[in-house]
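Take a look at the structure set out below.
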Amino acid sequence: MPDYKSTIAALEVARDKGLIKNSSCANACSWLAPSFAGVEIDGRLVGDHIAGLAAQQRWTDIDNAFFEMNGFGTAGVRGSMAIGTACFNKIILGLGVEAHARYIEKAYAENGRQQGREKAVIIAYDSRRGSYDPQTNGPGFMVKEAAGIYAAHSIRVYVFDTVAPTPELSFAIAELEGIAPYAGGVFTASHNPAADNGFKPYDCHGGQVVHKDVQQIADSITGYGEVKKMDYAEAAARGLIVTVGPEVDAAYIAKENQTAVWVDAAGRFLPEKIDPSLTIVFSALNGTSQRLVPRVLERRGFNLQNLFPVAAQCKPDGAFPTCPKPNPEEKPALNEAVKLANETGADILIATDPDADRLGVGVRLKDSEKTLYADDAAVKDGYYLLTGNQQLVLLTDYILSQTIARDGSLPANSAISKTLVSTDLAKAIADAFGVMTIEPHVGFKFLGEKLAWYARHACEAAGPAQPYRSLSRRERVELLSRHSICVLFGGEESYGSLVGDYVKDKDAITVSAMFAEMAGFYKLQGKTLMQRLEEIFVRYGYAREETISLGYAGAAGNDVIRAIMAELRARPPRQFCGRQVIAAIDYKAPDGGGSRTALSGSGSMLFRDAEPEDAAAHTGYVPVQGIEVPLFWHGDYKIIRASARLPEANMLVYVLADGSKIIARPSGTEPKIKFYVLARGTQGADKGSAQDKQAVNAFFASVKQELTDFAGRIAGPILAPA
C-alpha cells in the first residue's frame, strides 16, 4: 500500500490556507487510511485518486467530493457515482448495507420469529448503472455487492430477477404469503439524473427505515475492513441468495386490484361507470414500471389495445437516452409521451419515474378548454400536465366521493394523509366529507410507518385472529374503522401517492390504474379531469401551489443552503408580498436546546411542542384568526399516543392571514433549497372565478420573485470568486 503522508500534509496545508473546508480535509484524510485507500472504485484505488487530485491542486473537486459524509436522508442515501464521502460509491454503499445488516441481526433477534418472519431481506433495483446489468437483464455489481454483505451475516437475500418497482418491494416485505423477508432494500436514485445512484433500506413493516438506528451503526464503523463480505456465487450456491420475480408480480397484481372503486365482483371496470373507450399513453422513463402497469390495467379489464407505450422508454436503460433527467415533475421528461399522445389522440398520458414511485399525468384538453389555459405554463402541445398537488386533489375528491356513491357512506374513522408541504385543498375536501387529515413530514416513510401503527393497533384491539396480511381490503377497512384509523388515500406534492395499505410507500403502479379509472369515469360523463378540477375550485376555492427549487451544488452550495435557513431563523419574516404572517412554525428545536415553538406574526408565543391534554378533543390543529394551523402533534394522538408527535425537521412554515403558506426546507435528496408556495384564493362568493385565479396567480408570481431575490442575496457573497 502506498504511503500517503505527503498527500495528507498537502491537504492540511490547503485546509490551513482556506482552500478546502475542515470537513473536506478530515474526510479525505480518513479515506487515506489503508482500510479505505486500498478499495478499488471504477478501476482506481481510492488513495491514488485522492493523491492525484491533491497533486493537481484540484481543491474545488476535493471540497465537492468530501465536504460531508453521505448518509441516510429523506429517501435513503443517494448521490453522484464517484469517489468521495459526499458521493455514492462502493464504500458508502458498503457502510450503509453493513449497518442495515447489523440492525437486522439485532432487531430480528428481538421480534422476528414472533412475527413469523424469515431472517431475510428482499432487494429490488431499477435500471441505473450499478443497479442493473443490461447484459444479463439482472442485478448489477452494486446489488451483488450488497447481497454478499447480507449473506455474510447469514441473512438470506431474495433478489428480483430483473428491474422491479419500489412499491413492489414494499409490498413484498409486508404482504407475501410464500416468503416472509424481515426487511428489504431498493437500489435507485429515484428521479435524479443518470449520473446518480442510491440505496433505500426498508424495515419490517414494509416502509423505509424512519429511525436513526441504521445511521448510528454506520457512523460507528471506523474502517471499510469492518464490512463483512461473501462472494455472490458462493452465497447463491449455499442457498443464501434466491431469485424471485413472477410470484411476487402475481401476488401484487391480485391484491392491488382490490383498491379499485368501480369494479365488478371479478375486479374489472364496470362499463356503466368507466368508459371502455378511454385511451392512454404510457411511459416508464426507461425504468421499471413496464413490468407491471400494463398487467395491472389488464387485470382491471382495460383494453390494452387502448394503451400506447412509448417504446423507446418502456425498456430499462440507465443512460435515459431520451430523457436525461427522468423526473416526471419536470415537463421535458414528458416530451416523448406528449408527442405520442398527440399522434394517437390519447385522452391521458401517464409516466412513472425509474423506480415507479412517482407519477406524471397529462390530460388532453378539449378545444373549449384550450382558451381557458392558453397562458398556463402547464400546457404542452394540447395536454395539461398536472402538478403533484392537482393529482392529490383529484384523487382525494374521487376516492371519497365515489366510495360514498358505492357504499352509501365512508368507513368510520376514515382519514387521508398528505405531507405538511402539500396542498391544503385536499384537507378542505376531507373536511367537507368529515374525514380526518394526517400531515406527516416530507418523506413517504413517515406515512408508511403510520399505516403500520394503525394496523398493529387494530389487530391488538381486536384480539387474536387471521394475520393482517391475509385480510382482503374490505376486511382491513372493517377492522381499521372499528378499532383504529382507516387511511383511504395518502399523497404528497412531489408526484407520489398510495391507495390503501398494501404498500407502505409511494405507488405509481396502483395510482396509474386509479387515474385510468378516474379519467374513464369522467369521460363517460363527457368531462375531462381538468373540468372536474375546475368544479373543485368553484366548490372549495382556488389554489395555486408550486415548489421553487433552487440548486446549490457542492461544498459552497451547502454553505448557501445553511445560510438561507439561518437567516430565516435569525430574522423571521413578518409578511410576504404584503400578506401578513399569522403563525411561524419551526420544526427544529433551538440549537441551544429547549422546546420547539410556534410564534405569531408579531413574535409572541402561539403554542409549544406540548403533549395534548385531551386525546378525544385533539384534532392536530389550532385556530388562529379563523385559519387552522397545524400543531406539533397529529390528530391520531388518540390512537398512537406519543408516536403522534412530529419528529424534528429542518423546516420552517409560515401561515398567512388568508390561509396561504410559505414553507422553507433543504431537500433531503438533492443539493437544493426548496420554497413551497401554497397560495389560496378567496372563500367568498367569487371563489374559483377567473378574477380570483388572476389575483392568486399574481400573488404567487410576486412571492416567487421575492423568495428568489432573497436567496440570491444570501448566495451571492458565498458563491462569489475569492
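Labeling convention for the C-alpha cells: chains A, B, ... as they appear, residues from 1 per chain, ligands from 1 in order of appearance.
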*Would you list the contacts of stretch 589-603 of chain A as a ChimeraX atom specification, taking every protein, DNA or RNA residue within 12 Å and counting only C-alpha atoms, but skipping same-chain residues closer than 2 positions in sequence?*
/A:566,569-576,579-587,605-611,622,624-625,629-633,645-657
*What residues in stretch 491-645 of chain A get the DSSP label alpha helix (DSSP H)? Please answer as a ChimeraX atom specification.*
/A:508-524,529-540,554-570,637-640
Please report, as a Markdown table, each residue of stretch 334-385 of chain A lying at most 10 Å from stretch 292-307 of chain A, together with the nearest pair of atoms and the separation in Å rounded to one decimal; use only C-alpha atoms, and order rows by chain and ascending residue number.
| residue | atom | partner | partner_atom | distance |
| --- | --- | --- | --- | --- |
| A:Thr344 | CA | A:Asn306 | CA | 9.6 |
| A:Ala346 | CA | A:Asn306 | CA | 8.4 |
| A:Asp347 | CA | A:Asn306 | CA | 10.0 |
| A:Leu349 | CA | A:Leu307 | CA | 9.5 |
| A:Thr352 | CA | A:Val293 | CA | 9.7 |
| A:Ala356 | CA | A:Val293 | CA | 9.6 |
_Residue neighbourhood A:Phe88, 6 Å, only C-alpha atoms, exclusion window fewer than 6 positions, as a PyMOL selection string_ = chain A and resi 78-81
*Would you list the contacts of stretch 432-436 of chain A as a VMD selection string, taking every protein, DNA or RNA residue within 7 Å and counting only C-alpha atoms, but skipping same-chain residues closer than 3 positions in sequence?*
chain A and resid 414 to 416 428 to 429
Residues from the last selection, N, CA and C atoms, saved as a PDB file, in the first residue's frame:
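Below is the file that was written, out13.pdb:
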ATOM      1  N   SER A 414     -62.315   7.308   9.124  1.00  0.00           N
ATOM      2  CA  SER A 414     -61.576   7.447   7.868  1.00  0.00           C
ATOM      3  C   SER A 414     -60.606   8.623   7.945  1.00  0.00           C
ATOM      4  N   ALA A 415     -59.536   8.523   7.163  1.00  0.00           N
ATOM      5  CA  ALA A 415     -58.548   9.596   7.111  1.00  0.00           C
ATOM      6  C   ALA A 415     -57.906   9.626   5.737  1.00  0.00           C
ATOM      7  N   ILE A 416     -57.406  10.798   5.383  1.00  0.00           N
ATOM      8  CA  ILE A 416     -56.462  10.907   4.279  1.00  0.00           C
ATOM      9  C   ILE A 416     -55.158  11.413   4.882  1.00  0.00           C
ATOM     10  N   ALA A 428     -59.289  20.561   2.797  1.00  0.00           N
ATOM     11  CA  ALA A 428     -60.616  21.178   2.700  1.00  0.00           C
ATOM     12  C   ALA A 428     -61.639  20.174   2.183  1.00  0.00           C
ATOM     13  N   ILE A 429     -61.238  19.363   1.214  1.00  0.00           N
ATOM     14  CA  ILE A 429     -62.133  18.329   0.688  1.00  0.00           C
ATOM     15  C   ILE A 429     -62.429  17.293   1.770  1.00  0.00           C
TER      16      ILE A 429
END
*Coordinates-based distance that separates atom CA of A:Gly43 from atom CA of A:Glu68 (Å, one decimal)*: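 Computing it gives 23.7 Å between the two atoms.
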_Exercise: stretch 185-197 of chain A partners within 6 Å, only C-alpha atoms, chain neighbours under 3 positions left out, as a ChimeraX atom specification_ = /A:78-81,123-126,131,200-202,319,325-327,353-355
*Quick one: pick out all strand (DSSP E or B) residues within stretch 231-400 of chain A from a backbone DSSP run and write them as a list in words.*
Ile241, Val242, Thr243, Val244, Val263, Phe269, Ile280, Val281, Phe282, Ser283, Leu307, Phe308, Pro309, Ile348, Leu349, Ile350, Ala351, Thr352, Leu359, Gly360, Val361, Gly362, Val363, Arg364, Val379, Lys380, Tyr383, Tyr384 and Leu385 of chain A
Written file, previous selection with N, CA and C atoms, as a PDB file, in the first residue's frame:
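The result, stored in selection-v2.pdb:
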ATOM      1  N   ILE A 241     -28.749 -16.743  -1.378  1.00  0.00           N
ATOM      2  CA  ILE A 241     -29.283 -15.803  -2.361  1.00  0.00           C
ATOM      3  C   ILE A 241     -30.258 -16.563  -3.244  1.00  0.00           C
ATOM      4  N   VAL A 242     -31.486 -16.063  -3.319  1.00  0.00           N
ATOM      5  CA  VAL A 242     -32.562 -16.728  -4.056  1.00  0.00           C
ATOM      6  C   VAL A 242     -33.197 -15.717  -5.007  1.00  0.00           C
ATOM      7  N   THR A 243     -33.410 -16.101  -6.243  1.00  0.00           N
ATOM      8  CA  THR A 243     -34.022 -15.221  -7.231  1.00  0.00           C
ATOM      9  C   THR A 243     -35.547 -15.329  -7.174  1.00  0.00           C
ATOM     10  N   VAL A 244     -36.218 -14.181  -7.192  1.00  0.00           N
ATOM     11  CA  VAL A 244     -37.680 -14.139  -7.193  1.00  0.00           C
ATOM     12  C   VAL A 244     -38.140 -13.185  -8.294  1.00  0.00           C
ATOM     13  N   VAL A 263     -65.477  -1.476  -9.779  1.00  0.00           N
ATOM     14  CA  VAL A 263     -65.193  -2.743 -10.450  1.00  0.00           C
ATOM     15  C   VAL A 263     -66.261  -3.760 -10.041  1.00  0.00           C
ATOM     16  N   PHE A 269     -63.389  -3.218 -14.423  1.00  0.00           N
ATOM     17  CA  PHE A 269     -64.127  -1.967 -14.505  1.00  0.00           C
ATOM     18  C   PHE A 269     -65.565  -2.200 -14.948  1.00  0.00           C
ATOM     19  N   ILE A 280     -54.855   5.720 -23.429  1.00  0.00           N
ATOM     20  CA  ILE A 280     -53.772   6.146 -22.537  1.00  0.00           C
ATOM     21  C   ILE A 280     -52.426   5.961 -23.222  1.00  0.00           C
ATOM     22  N   VAL A 281     -51.571   6.965 -23.130  1.00  0.00           N
ATOM     23  CA  VAL A 281     -50.159   6.817 -23.482  1.00  0.00           C
ATOM     24  C   VAL A 281     -49.392   6.552 -22.192  1.00  0.00           C
ATOM     25  N   PHE A 282     -48.458   5.613 -22.257  1.00  0.00           N
ATOM     26  CA  PHE A 282     -47.731   5.183 -21.054  1.00  0.00           C
ATOM     27  C   PHE A 282     -46.228   5.201 -21.290  1.00  0.00           C
ATOM     28  N   SER A 283     -45.483   5.786 -20.338  1.00  0.00           N
ATOM     29  CA  SER A 283     -44.022   5.761 -20.370  1.00  0.00           C
ATOM     30  C   SER A 283     -43.476   5.318 -19.022  1.00  0.00           C
ATOM     31  N   LEU A 307     -53.914   1.133 -24.917  1.00  0.00           N
ATOM     32  CA  LEU A 307     -52.714   1.576 -24.199  1.00  0.00           C
ATOM     33  C   LEU A 307     -51.571   1.697 -25.202  1.00  0.00           C
ATOM     34  N   PHE A 308     -50.982   2.888 -25.274  1.00  0.00           N
ATOM     35  CA  PHE A 308     -49.927   3.150 -26.251  1.00  0.00           C
ATOM     36  C   PHE A 308     -48.611   3.409 -25.518  1.00  0.00           C
ATOM     37  N   PRO A 309     -47.745   2.396 -25.403  1.00  0.00           N
ATOM     38  CA  PRO A 309     -46.467   2.593 -24.714  1.00  0.00           C
ATOM     39  C   PRO A 309     -45.503   3.437 -25.559  1.00  0.00           C
ATOM     40  N   ILE A 348     -55.444  10.612 -21.921  1.00  0.00           N
ATOM     41  CA  ILE A 348     -54.478  10.994 -20.892  1.00  0.00           C
ATOM     42  C   ILE A 348     -53.141  10.340 -21.196  1.00  0.00           C
ATOM     43  N   LEU A 349     -52.094  10.848 -20.562  1.00  0.00           N
ATOM     44  CA  LEU A 349     -50.799  10.190 -20.593  1.00  0.00           C
ATOM     45  C   LEU A 349     -50.329  10.008 -19.161  1.00  0.00           C
ATOM     46  N   ILE A 350     -49.620   8.900 -18.913  1.00  0.00           N
ATOM     47  CA  ILE A 350     -49.044   8.632 -17.598  1.00  0.00           C
ATOM     48  C   ILE A 350     -47.580   8.262 -17.774  1.00  0.00           C
ATOM     49  N   ALA A 351     -46.735   8.741 -16.866  1.00  0.00           N
ATOM     50  CA  ALA A 351     -45.304   8.443 -16.931  1.00  0.00           C
ATOM     51  C   ALA A 351     -44.773   8.299 -15.516  1.00  0.00           C
ATOM     52  N   THR A 352     -44.115   7.197 -15.247  1.00  0.00           N
ATOM     53  CA  THR A 352     -43.538   6.962 -13.922  1.00  0.00           C
ATOM     54  C   THR A 352     -42.050   7.269 -13.933  1.00  0.00           C
ATOM     55  N   LEU A 359     -45.425   9.694 -10.255  1.00  0.00           N
ATOM     56  CA  LEU A 359     -46.246   9.618 -11.456  1.00  0.00           C
ATOM     57  C   LEU A 359     -46.495  10.998 -12.041  1.00  0.00           C
ATOM     58  N   GLY A 360     -46.266  11.122 -13.347  1.00  0.00           N
ATOM     59  CA  GLY A 360     -46.665  12.311 -14.082  1.00  0.00           C
ATOM     60  C   GLY A 360     -47.911  12.003 -14.888  1.00  0.00           C
ATOM     61  N   VAL A 361     -48.839  12.958 -14.970  1.00  0.00           N
ATOM     62  CA  VAL A 361     -50.101  12.758 -15.678  1.00  0.00           C
ATOM     63  C   VAL A 361     -50.377  13.962 -16.568  1.00  0.00           C
ATOM     64  N   GLY A 362     -50.762  13.687 -17.809  1.00  0.00           N
ATOM     65  CA  GLY A 362     -51.176  14.739 -18.727  1.00  0.00           C
ATOM     66  C   GLY A 362     -52.602  14.491 -19.186  1.00  0.00           C
ATOM     67  N   VAL A 363     -53.374  15.552 -19.362  1.00  0.00           N
ATOM     68  CA  VAL A 363     -54.782  15.450 -19.738  1.00  0.00           C
ATOM     69  C   VAL A 363     -54.995  16.195 -21.051  1.00  0.00           C
ATOM     70  N   ARG A 364     -55.565  15.520 -22.048  1.00  0.00           N
ATOM     71  CA  ARG A 364     -55.854  16.186 -23.322  1.00  0.00           C
ATOM     72  C   ARG A 364     -56.980  17.197 -23.113  1.00  0.00           C
ATOM     73  N   VAL A 379     -49.446  23.736 -19.791  1.00  0.00           N
ATOM     74  CA  VAL A 379     -49.936  23.186 -21.052  1.00  0.00           C
ATOM     75  C   VAL A 379     -48.771  22.947 -22.005  1.00  0.00           C
ATOM     76  N   LYS A 380     -48.754  21.742 -22.563  1.00  0.00           N
ATOM     77  CA  LYS A 380     -47.718  21.390 -23.539  1.00  0.00           C
ATOM     78  C   LYS A 380     -48.380  20.681 -24.712  1.00  0.00           C
ATOM     79  N   TYR A 383     -51.863  19.321 -24.115  1.00  0.00           N
ATOM     80  CA  TYR A 383     -52.061  18.498 -22.913  1.00  0.00           C
ATOM     81  C   TYR A 383     -51.714  19.324 -21.676  1.00  0.00           C
ATOM     82  N   TYR A 384     -52.581  19.221 -20.679  1.00  0.00           N
ATOM     83  CA  TYR A 384     -52.315  19.879 -19.404  1.00  0.00           C
ATOM     84  C   TYR A 384     -51.576  18.890 -18.517  1.00  0.00           C
ATOM     85  N   LEU A 385     -50.368  19.258 -18.076  1.00  0.00           N
ATOM     86  CA  LEU A 385     -49.550  18.385 -17.236  1.00  0.00           C
ATOM     87  C   LEU A 385     -49.833  18.721 -15.774  1.00  0.00           C
TER      88      LEU A 385
END
*Write out as number ranges by chain which residues come within 8 Å of A:Gly94 when counting only C-alpha atoms, dropping same-chain ones fewer than 3 positions away.*
A: 90-91, 97-98, 145-146, 149, 224, 227
Residues from last step as file, C-alpha atoms, as a CSV table (one decimal), in the first residue's frame:
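Result file is selection_11.csv:
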chain,number,residue,atom,x,y,z
A,90,LYS,CA,-18.8,1.1,-3.2
A,91,ILE,CA,-17.6,2.4,0.2
A,97,VAL,CA,-25.6,-2.1,3.9
A,98,GLU,CA,-23.3,-3.3,6.7
A,145,GLU,CA,-22.1,-6.4,-3.6
A,146,ALA,CA,-24.9,-5.7,-1.2
A,149,ILE,CA,-22.7,-8.4,2.6
A,224,TYR,CA,-14.1,-0.4,5.4
A,227,VAL,CA,-17.7,-4.6,6.3
*Compile the contact shell of A:Lys144 as a PyMOL selection string: residues with an atom at most 9 Å away, counting only C-alpha atoms, same-chain residues fewer than 3 positions apart removed.*
chain A and resi 131+139-141+147-149+231-232
*Tell me which of A:Ala664, A:Leu93, A:Ile548, A:Ile561 sits closest to A:Ala701, counting only C-alpha atoms.*
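Residue with the minimum atom-to-atom distance to A:Ala701: A:Ile548.
For the set A:Val442, A:Ile662, A:Ala180, A:Ala690, the residue with the smallest atom-to-atom gap to A:Val677 is A:Ile662, counting only C-alpha atoms.
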*Between atom CA of A:Gly239 and atom CA of A:Glu168, what is the spacing in Å?*
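Computing it gives 22.9 Å between the two atoms.
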*Determine the nearest neighbour of A:Ala260 from the options A:Lys228, A:His205, A:Arg473, A:His457, counting only C-alpha atoms.*
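That would be A:Arg473, the residue with the smallest distance to A:Ala260.
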*Which of these, A:Asp48, A:Tyr454, A:Tyr252, A:Pro721, has the shortest distance to A:Tyr468 once you count only C-alpha atoms?*
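Looking at the shortest contact to A:Tyr468, the residue is A:Tyr454.
For the set A:Phe199, A:Phe675, A:Tyr542, A:Phe537, the residue with the smallest atom-to-atom gap to A:Arg128 is A:Phe199, counting only C-alpha atoms.
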